[in-house]
Every structure is written in C-alpha cells, then in structure tokens.
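K.L.:
Structure incoming, see below.
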2 protein chains.
Amino acid sequence: MPQISSKGKAMPQSPIRKLVPFAEDAKKRGIKVYHLNIGQPDIKTPQVALDAVKNNTLQTIAYSRSEGSEVYRTKIANYYKQHDVTVDCNDIIVTTGGSEALLFTFGSIMDVDDEVIIPEPFYANYNGFSTASGVKVVPVMSTINDGFALPAIEEFEKLITPNTKAILICNPGNPTGYLYSKAEIKKLAEIVKKHDLFLIADEVYREFTYDGAKHYSVLAESGLDEHAIIIDSVSKRYSMCGARIGCIVSKNKDFIASALKFAQARLSPPTYAQIASEAALETPQSYFDEVIEEYSERRDTLISELKKIDNVKVATPKGAFYCIVELPIKNADDFAQWLLEDFNVNGETIMVAPAAGFYATPGVGLNQIRIAYVLNKESLIQSVAILKAALNVYQN
Amino acid sequence: MPQISSKGKAMPQSPIRKLVPFAEDAKKRGIKVYHLNIGQPDIKTPQVALDAVKNNTLQTIAYSRSEGSEVYRTKIANYYKQHDVTVDCNDIIVTTGGSEALLFTFGSIMDVDDEVIIPEPFYANYNGFSTASGVKVVPVMSTINDGFALPAIEEFEKLITPNTKAILICNPGNPTGYLYSKAEIKKLAEIVKKHDLFLIADEVYREFTYDGAKHYSVLAESGLDEHAIIIDSVSKRYSMCGARIGCIVSKNKDFIASALKFAQARLSPPTYAQIASEAALETPQSYFDEVIEEYSERRDTLISELKKIDNVKVATPKGAFYCIVELPIKNADDFAQWLLEDFNVNGETIMVAPAAGFYATPGVGLNQIRIAYVLNKESLIQSVAILKAALNVYQN
C-alpha cells in the first residue's frame, strides 16, 4: 500500500479545525453557538460587486490572463496610489486569494530549508504554507504585555542565519490586532536592507484601523523597492472571503518575473471573482466608513466587556478584527472544547480559537484565546457573558 | 539586494509563453492569427451554469467549506457513478482547478527529490507543479509511430527507484490525444500494485472520446482503491476554464486526509465558480452530444487536411482535442516564431505550440508541434492551408 509523504504528514491542522466536530455536535443537541473563532465577517458584500456578477454577460467562462487583466491591475494600482503606494500594473500579480499570493512568494524567494522570521503569535496558516513550501518558520516573540508591538530589533538580529530569506509581518495583525507604527516599519526596513532580506507584509486588513490610526505600508517606505512584497486580498476589505482574489505587489522585477511563472503554471485566477473584485474597487467610501464604525464599536464593546472579568488580560487591538485574550486557565485547547461539549448558558455557548496554534514556540499561548469580533454588539455582549460564566464554572 | 530562490529561477515557462509577444506584435501589424496553440475552447458554457451565477442571491460572498460543500460533493459522486466509478462525497475534495488538485496531490504523496514517472510528451505544466513541489519528473517515452500508446511496461520498471512515488498519466492525453485502453490501465494497475506506487490519472478530458471509444477510469479498475487518484476539472467538460474548479478523487483515506490539510490552509475554492460548477452537473446530454460531434468533425477535418501535406506525420487522436504533428523541419521553436514574425498568407498566419516543451528528455520533439482543434472547421481548413504554404517557404 503506497504511503503519504513526510510533508503530507507534517502539514499542520488549524487549531480551530479540531473543534469543528464538537461545535457541530453541540448544534445537533440544540445549543446555539456564537462563532468568535473565525474571521468570516457578517458584513454584506458591496452591492456594486454583487451586481457586477449578476449582470455579467459572459457566454464562455474562459481563462483570464495568468497575472489578471491589465485593466484590473491598473485599477488596483490606482487604489494603492490612494494609500501612498506608487506602483503600476506590472508590479502586480492577481492571485487566488492571499493564500496563493503567499505560496507564490515563498516559492519565488525561498528554497527548501530556507528560513522566514515571523513575529508570533501569527496567522496559523503561515505554518501550512511554510510546510507546503518546505520552508522553516523562525518565530520572534511579541507579548501581550507589550500589546504585541514589534519585538526589539536585536531579537530579529539574533535569529538571522545564512538561510534567512525574509521577514514576514501581518499588519494590522491577525491574531493580535496590532498596527505597526511608521517607526516600527522603518526599523524593519533597516534590518532587511542591512541583511539583504525580503520584507513580506500581509496587509489584507489595511482599511481596518481604529482611533484615527493610519496604516503605513511597507511600499510607502522609500528605499525598500527591492525588498518589499505586499500580500493582499479582497476577502476582508469587501467582505468577500469566498471570492478568492488577492494579489502580490512588488517593485522587485526578478521577484515578479518568478511569481509570474508560478501564476502561469496554474493558468489563471477565477474569472467570476475577478469581475466582482474589479467592480468592488468602485465601492463608495460610505461603505467603508460604516463598516469601520461598526467594527470600532464592536471592538469597544468587546474590550470593555472583557475588562469586567477578573484575571482576564487583553491588548486593545488597533486594527483588523481580532484580539488575543489571556484567561485564568491552564489549557485553552481543553477549555475551548469543554465550552462546546459540556457547557451552556440557557442553551447558548461560544466557540473560540485556542491561541497556542498561533505560536510556533511550543508551550506558549496555552492560556490565551483569539476572539474575532465579527458578530454584532448584542451577540458580543452575550458571548462575553457566557465566557464569564464559563470561567467561573471551569475554574471550579 | 535580496535574490530570488533557485526554485524561483528553475520554474519553467510554458513553450507557448515565449511566443505570446510575437503573436501580439503580429496582431498590431494587422495580421489575423489563428490560435491553434491553446486549449481554450470556443464552445459556449452550458446555459444552466451561466444562469445559476446570474440568478444567485448571495449577499455575503463567504468562505465555503475547504473541501467543497457536502451537497456539491455528493452530486459529483453521482456524476462518477454514471462513469463506472463508485465513490462517495468523502472521497472527493473540491479544488481550485485541476492545477491545485495536482499540487495538493504532489504535496501529499511526495517529498523533495521524490520521483514521478510520466509518459512523455506530457502536459507542460506538470513540470511547473513538480518544480514548485520540489519533485523530480522521470519521463518514459511514447512515440508518434506507436500513436503515443502506453510504453512497454518494462520501460516503466527500468525507471523505478526507491524514490519513485507515483506514475502520472493524462487520459485522454494532452498533448497527444491518446486514449488508454482498458488493457493498458490494467497493465499500469499491476505495476503500481507491485511497487506500492500511487497511480495519478488526470482525467479532465474524460468525455472527449471519438469513434465510439469509451474512457476507462483508474477508479473503475478493481483492486486499485489505495493507489488510484483522479485529477479532475470542470474547465474543458463545460467549457468553463476560467471558473477554476476541479477536484481530487481517491478511496485512499490517508491521502484524502492529507490533501484536506492542504485545502484547509488555503481556506476554500472560489464560491461563484462552485455555484456554476454545481449547476453545470445538470447540463443536458444533448449539450455533450453536440460538443462531441463538433470536436469529432473538427478532428476529422484537421487530420484529413494534415494528411494532404507531404512529409507531415500525425497520430490520429482518439480523445481530448489536441494532436502532435511531426513536420519536415529541424526546429519547431524557430518555425513557430517565424510563422508569427515573418510569414502570412493574405494577412493571416497561425500560432502553434512547439512540442519540445511537452518532453522532459532534451532534444526530443524538436520537429513536432501541438495543434489544439478548438476552432471551427473553416478556420481549421484555412489554418492547415497556411501551415502547408508556410512549410513550402520555410523549407526553402
């Protein structure tokens, strides 16, 4: 009988996936489950994007260009100009989601056993893309006590080896909600220039910033043209996660030429989703204003409710729609499963993401969970009430 | 300045891509170019699929399940039952095209430097997926004189090493149009069972068979449950190449569990395309009857016209919509470029795919081209007339 590969065995499973059967079982028992565990917003996709697909007149759903149409890429370049990033259509490759953008990037700049330094906690699927690419993740620790700010640059220096090819950040961060400052991006710029590294920035949450804070892109920083790679996606921006459209942006011509070969091998990104994504660029500013106000209020609600619980620590997120919450428990994996299996308040419970899966360092984050505030305020208030009641019972 | 990786440099470029700028330039000069070079059918997508997308009522384009919805996978399983393949929804993972199906398969069953044996000539992008996965392609030669039939099984035996993990076939074949017989599949079954290998069959052209010949799937062969993996796609079947929906089918539970982890890391296949693909399963048989009749006539037209040219050899394809044509020239790369750069008949020329790019063995296929008969009969007749005239001029 033929066997699967070591790589196939090593592919990690998301910490949330293990809980899915327990959530399904809870629902079968009639329990209402509040999903704080996944970044699937409940926000409506912009009407202009939905309409573009409904009104399309294609008769043959043909391959598009592997890198996306020139028209769409030119419009994307215009979008970036509004965000202080000056690029043209040739600096952009349209991908099947941010996921594929990262896979093409890893393939283009790293060989087997090369290393990428990532501040942890980080988006768990970076592990999957690294394993798929044969690349080694080297974590550098950020802490809840510092609000998950950029670790001291000396901590990065210590980890750089001849195999280090890149530093990867998520800004604003999933799962931390941290927004890197201009000063922090400049520090990263210095180190990648000093060591000839790529700086990969997953900026899919660019618009989701609060308290008037402004996102500063790695491609807004001068002198980084050969180093900076933006990973982007329409998923969160327009609440169209299922479209599966993203892009790679870089001024490094060799890198783009290589990524294009990966893109050509898989032929093209999905056609319908490109129609939706191109139209989504016409989304009126009022849509974003409403969405950001909504998330801002959700964040305020969530944080103020969480702070009412004793011995619970949370770093107030400045962006994205996640936060890491430290709980007075020993094992959040066990707690999260228990919430679904054995606990409810009047037939309701919550599903949370245990945070250990967002750390590469073993044993760290065991007492933390990630909460995605993608539910309305009433649901969030109710969810935190359930969390509070659950902690009381679980601790005894 | 940071450098791209050896893998990034090694990623192959399709032999067609090199010609694209010459084709674009020819068009700028007002030359009409008949595209015999690419498998983008001119056939209309089934109305039922187009309508499903136009009539969708989604308000939020959310992630779908990573493996595709249970409803869609159950319908796919029913489709296979009509093709003598008995599987259920748990044996199926929906992918973003056949491309992703192959990438997940390579990742799940092969480690770096593992080997996959592929009869050549083969679909050129197998090289790209192999490079991306760090896998080594070991070609076994099939020849135009044998009509590209399965090479003798002893030729496979000679190539098997401890690193060999799989044999990969494309059936019916791109670029050969060859349809493997039941006897040939049984020979492959014996060798993969004997050596504990996987048998990966790219069956995306399953329906495209001519002269009453019937496709025999690797999963119709008994005793192959642990070995057989089908790579499939809606692209050609429903002329919806741009949808980017395919699937992996296998009864090997360990393999499916591993492939699912790759699928989960990239979150989900595109939502709109799944709507179209699920609806496409309701396409009436009359659609396929018409399409197959059309392709059958195109094939007959193309082959009979080609046979009128002296010193041109072609193996009559039994399936798919490609054929390999041997020409009385030394270098088809040069010839194909010359057709676009320096030749036309009354302002018209043809674009063909040089066949060397479909061989892994260096120096083979230099006097061959691949023709995709995805144009109507009149265009095919005109294209062959241009080819004939071109050969006369080029040879002198």
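Ligands are numbered from 1 in the order shown, residues from 1 within each chain, and chains are lettered A, B, ... in the order they appear in the structure tokens.
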Residues within 10 Å of A:Asn171, please, as a list of chain:residue names. Count only C-alpha atoms; anything in the same chain fewer than 5 positions from it doesn't count.
P.N.:
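What passes the distance filter is A:Thr176, A:Gly177, A:Tyr178, A:Leu179, A:Tyr180, A:Ser181, A:Ile185, A:Ala201, A:Asp202, A:Glu203, A:Val204, A:Tyr205, A:Arg206, A:Phe208, A:His215, A:Tyr216, A:Ser217, A:Val218, A:Gly319, A:Ala320.
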K.L.:
Taking only C-alpha atoms into account, what are the residues of chain A at most 6 Å from chain B, put as a short mmCIF file (atom, residue, chain, number, x, y, z; two decimals) with N, CA, C and O atoms, in the first residue's frame?
P.N.:
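Saved as iface16.cif:
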```
data_model
loop_
_atom_site.label_atom_id
_atom_site.label_comp_id
_atom_site.auth_asym_id
_atom_site.auth_seq_id
_atom_site.Cartn_x
_atom_site.Cartn_y
_atom_site.Cartn_z
N MET A 1 0.85 -1.20 0.00
CA MET A 1 0.00 0.00 0.00
C MET A 1 0.88 1.25 0.00
O MET A 1 1.76 1.38 0.84
N PRO A 2 0.65 2.16 -0.94
CA PRO A 2 1.51 3.36 -1.01
C PRO A 2 1.24 4.29 0.17
O PRO A 2 0.13 4.35 0.68
N ILE A 4 1.59 8.14 2.23
CA ILE A 4 1.70 9.58 2.01
C ILE A 4 3.10 10.04 2.43
O ILE A 4 3.85 9.29 3.06
N SER A 5 3.44 11.26 2.06
CA SER A 5 4.80 11.76 2.27
C SER A 5 4.98 12.33 3.68
O SER A 5 4.01 12.58 4.40
N GLY A 8 3.21 15.52 3.68
CA GLY A 8 1.76 15.33 3.86
C GLY A 8 1.41 15.09 5.33
O GLY A 8 0.41 15.61 5.83
N LYS A 44 -22.21 42.68 4.76
CA LYS A 44 -22.66 42.45 3.40
C LYS A 44 -21.56 42.86 2.40
O LYS A 44 -20.88 43.86 2.58
N THR A 45 -21.41 42.07 1.34
CA THR A 45 -20.50 42.43 0.25
C THR A 45 -21.05 43.69 -0.45
O THR A 45 -22.27 43.83 -0.57
N LYS A 54 -23.94 39.45 -11.13
CA LYS A 54 -25.30 39.12 -11.57
C LYS A 54 -25.57 39.64 -12.98
O LYS A 54 -26.35 39.05 -13.73
N GLN A 59 -20.51 34.42 -22.14
CA GLN A 59 -21.12 33.22 -22.71
C GLN A 59 -20.17 32.03 -22.59
O GLN A 59 -20.60 30.88 -22.58
N THR A 60 -18.87 32.31 -22.54
CA THR A 60 -17.87 31.27 -22.30
C THR A 60 -16.97 31.76 -21.17
O THR A 60 -16.39 32.84 -21.26
N ILE A 61 -16.92 30.96 -20.10
CA ILE A 61 -16.10 31.35 -18.95
C ILE A 61 -14.66 30.92 -19.25
O ILE A 61 -14.20 29.84 -18.87
N ALA A 62 -13.95 31.79 -19.96
CA ALA A 62 -12.62 31.46 -20.46
C ALA A 62 -11.53 31.79 -19.44
O ALA A 62 -11.77 32.52 -18.48
N TYR A 63 -10.33 31.21 -19.67
CA TYR A 63 -9.18 31.62 -18.89
C TYR A 63 -9.00 33.12 -18.96
O TYR A 63 -9.21 33.74 -20.02
N SER A 99 -3.82 33.60 0.13
CA SER A 99 -3.15 32.30 0.34
C SER A 99 -2.20 32.00 -0.81
O SER A 99 -1.03 31.68 -0.61
N SER A 108 9.01 31.67 -4.77
CA SER A 108 9.90 32.52 -5.58
C SER A 108 11.16 32.95 -4.85
O SER A 108 12.19 33.19 -5.48
N ILE A 109 11.09 33.07 -3.53
CA ILE A 109 12.26 33.62 -2.81
C ILE A 109 12.93 32.63 -1.87
O ILE A 109 13.98 32.93 -1.32
N MET A 110 12.31 31.45 -1.67
CA MET A 110 12.91 30.51 -0.71
C MET A 110 13.03 29.12 -1.29
O MET A 110 12.15 28.64 -1.99
N ASP A 111 14.15 28.48 -0.95
CA ASP A 111 14.35 27.08 -1.28
C ASP A 111 14.07 26.24 -0.03
O ASP A 111 13.86 26.78 1.06
N ASN A 125 -2.18 29.77 9.36
CA ASN A 125 -1.94 29.15 8.05
C ASN A 125 -0.56 29.47 7.45
O ASN A 125 -0.15 28.82 6.49
N GLY A 128 1.11 26.31 7.47
CA GLY A 128 0.75 25.41 6.38
C GLY A 128 1.47 25.76 5.09
O GLY A 128 2.01 24.89 4.41
N ASP A 196 20.05 42.12 3.42
CA ASP A 196 19.59 41.68 2.09
C ASP A 196 18.43 40.70 2.15
O ASP A 196 18.45 39.64 1.50
N LEU A 197 17.45 41.02 2.94
CA LEU A 197 16.28 40.15 3.08
C LEU A 197 15.08 40.76 2.37
O LEU A 197 15.03 41.97 2.11
N MET A 240 -15.77 39.62 1.08
CA MET A 240 -16.00 38.62 0.04
C MET A 240 -14.90 37.55 0.09
O MET A 240 -14.20 37.30 -0.89
N CYS A 241 -14.83 36.92 1.27
CA CYS A 241 -13.82 35.89 1.53
C CYS A 241 -13.90 34.75 0.53
O CYS A 241 -12.89 34.13 0.20
N GLY A 242 -15.13 34.46 0.06
CA GLY A 242 -15.31 33.31 -0.82
C GLY A 242 -14.96 33.60 -2.27
O GLY A 242 -14.94 32.68 -3.09
N ALA A 243 -14.68 34.88 -2.59
CA ALA A 243 -14.31 35.19 -3.98
C ALA A 243 -13.01 34.52 -4.33
O ALA A 243 -12.87 33.92 -5.38
N ARG A 244 -12.05 34.59 -3.41
CA ARG A 244 -10.69 34.05 -3.60
C ARG A 244 -9.91 34.87 -4.62
O ARG A 244 -9.42 34.34 -5.62
N SER A 258 9.50 35.81 -11.40
CA SER A 258 9.41 34.44 -10.88
C SER A 258 7.99 34.11 -10.46
O SER A 258 7.45 33.05 -10.82
N ALA A 265 1.76 28.65 -14.41
CA ALA A 265 1.60 27.19 -14.28
C ALA A 265 0.17 26.83 -13.87
O ALA A 265 -0.37 25.83 -14.32
N ARG A 266 -0.45 27.67 -13.03
CA ARG A 266 -1.82 27.36 -12.61
C ARG A 266 -2.88 28.06 -13.49
O ARG A 266 -4.07 28.06 -13.18
N PRO A 270 -9.70 32.96 -10.65
CA PRO A 270 -11.09 32.72 -11.07
C PRO A 270 -11.75 33.95 -11.72
O PRO A 270 -11.66 35.06 -11.21
N THR A 271 -12.41 33.71 -12.83
CA THR A 271 -12.95 34.78 -13.67
C THR A 271 -14.10 35.53 -13.00
O THR A 271 -14.09 36.76 -12.94
#
```
K.L.:
Taking 3 positions as the minimum chain separation for residues in the same chain, which residues sit within 8 Å of A:Pro354 when counting only C-alpha atoms? Answer as a list in words.
P.N.:
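Everything that qualifies: Pro15, Ile16, Ala332, Asp333, Ala336, Gly357, Leu366, Gln368, Ile369 and Arg370 of chain A.
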K.L.:
Residues as selected, N, CA and C atoms, written as a JSON list (two decimals), in the first residue's frame, can you do that?
P.N.:
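Output below, filename part.json:
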```
[["chain", "number", "residue", "atom", "x", "y", "z"],
["A", 15, "PRO", "N", -5.85, 25.11, 14.57],
["A", 15, "PRO", "CA", -6.35, 24.77, 15.91],
["A", 15, "PRO", "C", -7.87, 24.80, 16.00],
["A", 16, "ILE", "N", -8.48, 25.50, 15.09],
["A", 16, "ILE", "CA", -9.94, 25.60, 15.09],
["A", 16, "ILE", "C", -10.57, 24.32, 14.56],
["A", 332, "ALA", "N", -6.14, 26.32, 27.05],
["A", 332, "ALA", "CA", -7.27, 26.86, 26.28],
["A", 332, "ALA", "C", -7.81, 25.86, 25.28],
["A", 333, "ASP", "N", -6.99, 24.91, 24.83],
["A", 333, "ASP", "CA", -7.50, 23.86, 23.94],
["A", 333, "ASP", "C", -8.59, 23.08, 24.66],
["A", 336, "ALA", "N", -11.67, 25.37, 25.34],
["A", 336, "ALA", "CA", -12.49, 25.63, 24.15],
["A", 336, "ALA", "C", -13.35, 24.41, 23.81],
["A", 357, "GLY", "N", -2.06, 27.62, 18.80],
["A", 357, "GLY", "CA", -1.85, 27.35, 17.38],
["A", 357, "GLY", "C", -1.32, 28.54, 16.60],
["A", 366, "LEU", "N", -0.72, 28.94, 25.76],
["A", 366, "LEU", "CA", -1.69, 27.91, 26.19],
["A", 366, "LEU", "C", -2.85, 28.50, 26.98],
["A", 368, "GLN", "N", -4.19, 31.42, 26.33],
["A", 368, "GLN", "CA", -4.78, 32.51, 25.53],
["A", 368, "GLN", "C", -5.75, 31.97, 24.49],
["A", 369, "ILE", "N", -6.69, 32.81, 24.14],
["A", 369, "ILE", "CA", -7.60, 32.51, 23.03],
["A", 369, "ILE", "C", -7.60, 33.69, 22.06],
["A", 370, "ARG", "N", -8.01, 33.44, 20.83],
["A", 370, "ARG", "CA", -8.25, 34.54, 19.89],
["A", 370, "ARG", "C", -9.75, 34.71, 19.73]]
```
K.L.:
Considering only C-alpha atoms, return as a list in words whatever protein or nucleic-acid residues lie within 8 Å of A:Leu375, sequence-local ones (same chain, fewer than 2 positions apart) excluded.
P.N.:
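With the cut-off at 8 Å, the set is His35, Leu36, Pro41, Asp42, Arg298, Tyr373, Lys377, Ser379 and Leu380 of chain A.
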K.L.:
Mind dumping the selected residues with N, CA and C atoms as an mmCIF file, in the first residue's frame?
P.N.:
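The resulting out.cif:
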```
data_model
loop_
_atom_site.group_PDB
_atom_site.id
_atom_site.type_symbol
_atom_site.label_atom_id
_atom_site.label_comp_id
_atom_site.auth_asym_id
_atom_site.auth_seq_id
_atom_site.Cartn_x
_atom_site.Cartn_y
_atom_site.Cartn_z
ATOM 1 N N HIS A 35 -20.050 32.156 17.121
ATOM 2 C CA HIS A 35 -18.752 31.877 16.486
ATOM 3 C C HIS A 35 -17.808 33.060 16.604
ATOM 4 N N LEU A 36 -16.979 33.014 17.641
ATOM 5 C CA LEU A 36 -15.931 34.030 17.806
ATOM 6 C C LEU A 36 -14.618 33.505 17.244
ATOM 7 N N PRO A 41 -16.513 37.664 8.240
ATOM 8 C CA PRO A 41 -17.383 38.769 8.668
ATOM 9 C C PRO A 41 -18.844 38.510 8.281
ATOM 10 N N ASP A 42 -19.741 39.083 9.066
ATOM 11 C CA ASP A 42 -21.171 39.007 8.766
ATOM 12 C C ASP A 42 -21.608 40.193 7.902
ATOM 13 N N ARG A 298 -17.828 47.511 17.817
ATOM 14 C CA ARG A 298 -17.750 46.125 18.270
ATOM 15 C C ARG A 298 -16.514 45.926 19.143
ATOM 16 N N TYR A 373 -14.026 39.614 16.365
ATOM 17 C CA TYR A 373 -15.270 40.354 16.648
ATOM 18 C C TYR A 373 -16.036 40.633 15.362
ATOM 19 N N LYS A 377 -22.981 43.716 18.140
ATOM 20 C CA LYS A 377 -22.668 44.077 19.526
ATOM 21 C C LYS A 377 -23.446 43.261 20.547
ATOM 22 N N SER A 379 -24.594 40.261 20.258
ATOM 23 C CA SER A 379 -24.020 38.916 20.316
ATOM 24 C C SER A 379 -22.695 38.921 21.070
ATOM 25 N N LEU A 380 -21.924 39.984 20.891
ATOM 26 C CA LEU A 380 -20.635 40.060 21.591
ATOM 27 C C LEU A 380 -20.849 40.176 23.097
#
```
K.L.:
What is the atom CA of A:Ser277 to atom CA of B:Cys247 distance in Å?
P.N.:
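Those two atoms sit 24.3 Å apart.
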K.L.:
For the structure I just gave you, how does DSSP split stretch 63-306 of chain B - specifically, which residues are helix (DSSP H, G or I)? Reply as a PyMOL selection string.
P.N.:
chain B and resi 70-81+89-91+97-109+125-133+144-146+153-159+182-195+253-265+271-280+285-306
K.L.:
Using only C-alpha atoms, which of A:Val384, A:Ile230, A:Ala77, A:Cys170 sits nearest A:Met351?
P.N.:
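Among A:Val384, A:Ile230, A:Ala77, A:Cys170, it is A:Val384 that comes nearest to A:Met351.
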K.L.:
Which one is closest to A:Pro121: A:Asn344, A:Asp334, A:Thr361, A:Val87? Count only C-alpha atoms.
P.N.:
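Closest to A:Pro121 of all the choices is A:Thr361.
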K.L.:
Report the residues of stretch 103-202 of chain A whose backbone DSSP state falls under strand (DSSP E or B), written as an NGL selection string.
P.N.:
:A and (115-120 or 136-141 or 164-170 or 198-202)
K.L.:
Neighbouring residues of A:Tyr322 were defined as those with any atom within 6 Å, considering only C-alpha atoms; residues of the same chain fewer than 5 positions away were excluded. Please report them as number ranges by chain.
P.N.:
A: 175, 177, 371-372
K.L.:
Could you write out that same residue set with C-alpha atoms as a PDB file, in the first residue's frame?
P.N.:
```
ATOM      1  CA  PRO A 175      -4.487  37.362  15.532  1.00  0.00           C
ATOM      2  CA  GLY A 177      -4.988  43.333  16.090  1.00  0.00           C
ATOM      3  CA  ILE A 371     -11.588  36.289  19.564  1.00  0.00           C
ATOM      4  CA  ALA A 372     -12.771  37.543  16.174  1.00  0.00           C
TER       5      ALA A 372
END
```
K.L.:
Can you pull out every residue within 8 Å of B:Arg299, counting only C-alpha atoms, but drop anything in the same chain fewer than 4 positions away, and send it as a ChimeraX atom specification?
P.N.:
/B:295,303,317,321,373
K.L.:
I want to know what sits within 7 Å of B:Phe22, based on only C-alpha atoms, with residues of the same chain fewer than 3 positions away left out; could you give that as a ChimeraX atom specification?
P.N.:
/B:19,25-26,337,340-341
